[in-house]
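Have a look at final09.pdb; it's PDB, C-alpha atoms:
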```pdb
ATOM      1  CA  MET A   1    -117.612-158.343 129.952
ATOM      2  CA  LYS A   2    -114.428-158.489 127.878
ATOM      3  CA  GLU A   3    -111.915-155.684 128.415
ATOM      4  CA  ARG A   4    -111.993-153.181 125.523
ATOM      5  CA  ILE A   5    -108.440-152.667 124.315
ATOM      6  CA  GLY A   6    -107.407-150.269 121.576
ATOM      7  CA  ILE A   7    -104.068-149.594 119.973
ATOM      8  CA  PHE A   8    -102.768-146.329 118.568
ATOM      9  CA  VAL A   9     -99.697-146.937 116.425
ATOM     10  CA  GLY A  10     -97.122-144.812 114.672
ATOM     11  CA  SER A  11     -93.501-143.800 114.501
ATOM     12  CA  PHE A  12     -94.308-140.727 116.631
ATOM     13  CA  ASN A  13     -91.207-138.853 115.491
ATOM     14  CA  PRO A  14     -92.102-136.718 117.367
ATOM     15  CA  PHE A  15     -95.346-137.288 119.273
ATOM     16  CA  THR A  16     -97.334-134.081 118.643
ATOM     17  CA  ILE A  17    -100.270-132.255 120.208
ATOM     18  CA  GLY A  18    -102.368-133.791 117.435
ATOM     19  CA  HIS A  19    -101.411-137.303 118.585
ATOM     20  CA  ASP A  20    -102.114-136.314 122.188
ATOM     21  CA  SER A  21    -105.574-135.058 121.195
ATOM     22  CA  ILE A  22    -106.421-138.408 119.577
ATOM     23  CA  VAL A  23    -105.198-140.327 122.651
ATOM     24  CA  ARG A  24    -107.134-138.175 125.128
ATOM     25  CA  ARG A  25    -110.309-138.253 123.039
ATOM     26  CA  SER A  26    -110.123-142.047 122.884
ATOM     27  CA  PHE A  27    -110.022-142.476 126.707
ATOM     28  CA  PRO A  28    -113.812-142.928 127.037
ATOM     29  CA  LEU A  29    -113.844-145.628 124.361
ATOM     30  CA  PHE A  30    -111.495-148.180 125.939
ATOM     31  CA  ASP A  31    -110.526-149.805 129.198
ATOM     32  CA  ARG A  32    -106.910-149.716 127.984
ATOM     33  CA  LEU A  33    -105.114-147.974 125.151
ATOM     34  CA  ILE A  34    -101.748-149.298 124.035
ATOM     35  CA  ILE A  35     -99.590-146.834 122.151
ATOM     36  CA  GLY A  36     -97.466-148.847 119.735
ATOM     37  CA  VAL A  37     -94.237-147.145 118.736
ATOM     38  CA  VAL A  38     -92.621-148.401 115.532
ATOM     39  CA  GLY A  39     -89.457-150.222 116.544
ATOM     40  CA  ASP A  40     -85.905-149.590 115.468
ATOM     41  CA  HIS A  41     -86.119-151.825 112.404
ATOM     42  CA  VAL A  42     -87.760-149.058 110.382
ATOM     43  CA  SER A  43     -85.481-147.457 107.808
ATOM     44  CA  LYS A  44     -86.238-143.786 108.268
ATOM     45  CA  PRO A  45     -83.132-141.592 108.238
ATOM     46  CA  GLY A  46     -82.476-139.762 111.476
ATOM     47  CA  ILE A  47     -85.268-141.407 113.466
ATOM     48  CA  PRO A  48     -84.438-141.497 117.188
ATOM     49  CA  PRO A  49     -84.309-144.915 118.862
ATOM     50  CA  ALA A  50     -87.691-146.400 119.813
ATOM     51  CA  THR A  51     -86.727-146.277 123.499
ATOM     52  CA  GLU A  52     -86.278-142.500 123.277
ATOM     53  CA  ARG A  53     -89.605-141.965 121.501
ATOM     54  CA  MET A  54     -91.339-144.316 123.946
ATOM     55  CA  LYS A  55     -89.901-142.561 127.008
ATOM     56  CA  ALA A  56     -91.290-139.202 125.872
ATOM     57  CA  ILE A  57     -94.772-140.732 125.535
ATOM     58  CA  GLU A  58     -94.508-142.675 128.805
ATOM     59  CA  ASP A  59     -93.531-139.471 130.633
ATOM     60  CA  LEU A  60     -96.522-137.670 129.156
ATOM     61  CA  TYR A  61     -99.007-140.308 130.393
ATOM     62  CA  ARG A  62     -97.254-141.532 133.535
ATOM     63  CA  ASP A  63    -100.309-140.692 135.664
ATOM     64  CA  GLU A  64    -102.756-142.443 133.328
ATOM     65  CA  PRO A  65    -102.988-146.147 134.271
ATOM     66  CA  ARG A  66    -105.054-147.036 131.185
ATOM     67  CA  ILE A  67    -102.142-146.183 128.861
ATOM     68  CA  GLU A  68     -99.314-148.553 127.994
ATOM     69  CA  VAL A  69     -96.486-147.795 125.581
ATOM     70  CA  LYS A  70     -94.855-150.659 123.702
ATOM     71  CA  PRO A  71     -92.641-151.074 120.657
ATOM     72  CA  TYR A  72     -94.114-152.909 117.711
ATOM     73  CA  TYR A  73     -92.733-154.483 114.593
ATOM     74  CA  GLY A  74     -94.633-155.457 111.485
ATOM     75  CA  LEU A  75     -98.324-155.003 110.780
ATOM     76  CA  ALA A  76    -100.613-153.119 113.139
ATOM     77  CA  VAL A  77    -103.125-156.001 113.024
ATOM     78  CA  ASP A  78    -100.434-158.428 114.180
ATOM     79  CA  PHE A  79     -99.609-156.061 117.043
ATOM     80  CA  ALA A  80    -103.344-155.816 117.866
ATOM     81  CA  ARG A  81    -103.598-159.624 118.053
ATOM     82  CA  GLU A  82    -100.383-159.835 120.103
ATOM     83  CA  VAL A  83    -101.748-157.484 122.795
ATOM     84  CA  GLY A  84    -105.351-158.702 122.612
ATOM     85  CA  ALA A  85    -106.745-155.467 121.155
ATOM     86  CA  GLN A  86    -110.043-155.398 119.293
ATOM     87  CA  PHE A  87    -109.613-151.862 117.949
ATOM     88  CA  ILE A  88    -107.080-149.772 116.050
ATOM     89  CA  VAL A  89    -107.422-146.017 116.610
ATOM     90  CA  LYS A  90    -106.352-143.735 113.786
ATOM     91  CA  GLY A  91    -106.338-139.952 113.493
ATOM     92  CA  VAL A  92    -107.582-138.362 110.295
ATOM     93  CA  ARG A  93    -106.679-134.776 109.318
ATOM     94  CA  SER A  94    -107.824-134.601 105.703
ATOM     95  CA  VAL A  95    -109.605-136.348 102.845
ATOM     96  CA  LYS A  96    -106.216-137.751 101.800
ATOM     97  CA  ASP A  97    -105.735-139.263 105.283
ATOM     98  CA  PHE A  98    -109.310-140.579 105.229
ATOM     99  CA  GLU A  99    -108.878-142.425 101.930
ATOM    100  CA  TYR A 100    -105.617-144.007 103.051
ATOM    101  CA  GLU A 101    -107.013-145.055 106.439
ATOM    102  CA  ARG A 102    -110.260-146.352 104.890
ATOM    103  CA  GLU A 103    -108.271-148.661 102.622
ATOM    104  CA  GLN A 104    -106.081-149.816 105.513
ATOM    105  CA  ALA A 105    -109.151-150.467 107.677
ATOM    106  CA  ASP A 106    -110.704-152.598 104.947
ATOM    107  CA  ILE A 107    -107.562-154.710 104.539
ATOM    108  CA  ASN A 108    -107.129-155.012 108.321
ATOM    109  CA  ARG A 109    -110.731-156.213 108.658
ATOM    110  CA  GLN A 110    -110.074-158.832 105.962
ATOM    111  CA  LEU A 111    -106.810-159.970 107.578
ATOM    112  CA  THR A 112    -108.513-160.463 110.951
ATOM    113  CA  ASN A 113    -111.846-161.855 109.720
ATOM    114  CA  GLY A 114    -113.525-158.854 111.326
ATOM    115  CA  GLN A 115    -111.928-159.424 114.733
ATOM    116  CA  VAL A 116    -110.140-156.043 114.739
ATOM    117  CA  GLU A 117    -112.069-152.895 113.909
ATOM    118  CA  THR A 118    -110.567-149.521 113.004
ATOM    119  CA  ILE A 119    -111.918-146.391 114.653
ATOM    120  CA  LEU A 120    -111.215-143.093 112.896
ATOM    121  CA  LEU A 121    -111.107-139.950 115.002
ATOM    122  CA  TYR A 122    -111.107-136.731 113.060
ATOM    123  CA  SER A 123    -108.542-134.140 113.981
ATOM    124  CA  GLU A 124    -109.705-131.170 115.954
ATOM    125  CA  PRO A 125    -109.606-128.210 113.526
ATOM    126  CA  GLN A 126    -106.752-126.440 115.320
ATOM    127  CA  PHE A 127    -104.561-129.550 114.859
ATOM    128  CA  SER A 128    -105.402-130.402 111.243
ATOM    129  CA  SER A 129    -102.158-128.924 109.869
ATOM    130  CA  ILE A 130     -99.872-130.434 112.495
ATOM    131  CA  SER A 131     -97.823-133.487 111.587
ATOM    132  CA  SER A 132     -94.596-135.015 112.804
ATOM    133  CA  SER A 133     -92.977-134.265 109.454
ATOM    134  CA  MET A 134     -94.012-130.584 109.732
ATOM    135  CA  VAL A 135     -92.476-130.434 113.221
ATOM    136  CA  ARG A 136     -89.250-132.040 111.975
ATOM    137  CA  GLU A 137     -89.102-129.528 109.110
ATOM    138  CA  LEU A 138     -89.450-126.628 111.549
ATOM    139  CA  GLN A 139     -86.773-128.165 113.792
ATOM    140  CA  HIS A 140     -84.453-128.385 110.788
ATOM    141  CA  PHE A 141     -84.781-124.612 110.345
ATOM    142  CA  GLU A 142     -84.300-124.058 114.083
ATOM    143  CA  VAL A 143     -87.855-122.855 114.707
ATOM    144  CA  ASP A 144     -89.192-123.346 118.246
ATOM    145  CA  VAL A 145     -91.520-126.374 118.040
ATOM    146  CA  GLU A 146     -92.639-126.379 121.691
ATOM    147  CA  PRO A 147     -96.144-125.127 120.737
ATOM    148  CA  TYR A 148     -96.630-128.336 118.694
ATOM    149  CA  LEU A 149     -95.498-130.771 121.383
ATOM    150  CA  PRO A 150     -97.773-131.907 124.226
ATOM    151  CA  LYS A 151     -97.100-130.936 127.815
ATOM    152  CA  ARG A 152     -97.927-133.056 130.814
ATOM    153  CA  LYS A 153    -101.254-132.039 132.340
TER     154      LYS A 153
END
```

Target format structure tokens, applied to this file:
Amino acid sequence: MKERIGIFVGSFNPFTIGHDSIVRRSFPLFDRLIIGVVGDHVSKPGIPPATERMKAIEDLYRDEPRIEVKPYYGLAVDFAREVGAQFIVKGVRSVKDFEYEREQADINRQLTNGQVETILLYSEPQFSSISSSMVRELQHFEVDVEPYLPKRK
């Protein structure tokens, strides 16, 4: 049987407890999950280097052999093809997220002739208000953001 490979992609600036929840809940679905971190080509002011963002995620999952962390550039479907993934995992917090991800999934399916499927995992209720941008905003105002960042288990 073919290995089931999923990707979970984002800028992860920073990687939050909401992201961690999606990753951990996707474990039973795949033989391997590759976390794709948007590379340094992205033009987002103040974004830490990809290597720094990747290291934080690698440290978090260092005891989980099914997880790989890699940089990616370009479209998620191209990254999926590059690593041999059949699935893209996306987290959905709201109706707004759902509509955006539904449209992306449709286009991705068209671009891959149905070879890459998108799986939407709904946010656990306690994480539905947590986003990387919210964490960055709190950091800007010097609020302790540790409660919103995952800890190694």

Identify all residues satisfying the PyMOL selection byres ((chain A and resi 130) around 8) in the given file; provide them as a PyMOL selection string. chain A and resi 16-18+127-129+131-132+134-135+148

Got time to write the residues from that selection, C-alpha atoms, as a compact mmCIF listing (two decimals), keeping the file's coordinate frame?
```txt
# COMPACT_ATOMS: atom_id res chain seq x y z
CA THR A 16 -97.33 -134.08 118.64
CA ILE A 17 -100.27 -132.26 120.21
CA GLY A 18 -102.37 -133.79 117.44
CA PHE A 127 -104.56 -129.55 114.86
CA SER A 128 -105.40 -130.40 111.24
CA SER A 129 -102.16 -128.92 109.87
CA SER A 131 -97.82 -133.49 111.59
CA SER A 132 -94.60 -135.01 112.80
CA MET A 134 -94.01 -130.58 109.73
CA VAL A 135 -92.48 -130.43 113.22
CA TYR A 148 -96.63 -128.34 118.69
```

Apply the PyMOL selection byres ((chain A and resi 92) around 9) to the file shown and report the selected residues as a PyMOL selection string. chain A and resi 90-91+93-98+101+120-123+128

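Considering only C-alpha atoms, the residue among A:Arg152, A:Arg109, A:Phe30, A:Tyr100 positioned nearest to Arg62 in chain A is A:Arg152.
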
Residue nearest Glu64 in chain A - candidates A:Val143, A:Pro49, A:Lys153, A:Thr112, atoms counted: only C-alpha atoms: A:Lys153

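Residues selected in this file by the PyMOL selection byres ((chain A and resi 72) around 6) comprise Gly36, Val37, Val38, Gly39, Pro71 and Tyr73 of chain A.
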
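CA of Phe87 in chain A lies 4.8 Å from CA of Glu117 in chain A.
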
Which of these, A:Ser11, A:Asn108, A:Thr51, A:Gln139, has the shortest distance to Arg81 in chain A once you count only C-alpha atoms? A:Asn108

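Take the candidates A:Glu99, A:Ser133, A:Gln86, A:Asp20 and check each one against Gln115 in chain A using only C-alpha atoms; the shortest distance goes to A:Gln86.
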
From A:Asn13, A:Asn113, A:Gln104, A:Gln126, residue lying nearest Gly46 in chain A [only C-alpha atoms]: A:Asn13

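As for CA of Gly10 in chain A and CA of Glu103 in chain A, they are spaced 16.9 Å apart.
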
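The space between CA of Glu68 in chain A and CA of Pro125 in chain A spans 27.0 Å.
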
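Distances here use only C-alpha atoms; by that measure, the residue among A:Glu137, A:Glu146, A:Glu124, A:Glu52 closest to Ile22 in chain A is A:Glu124.
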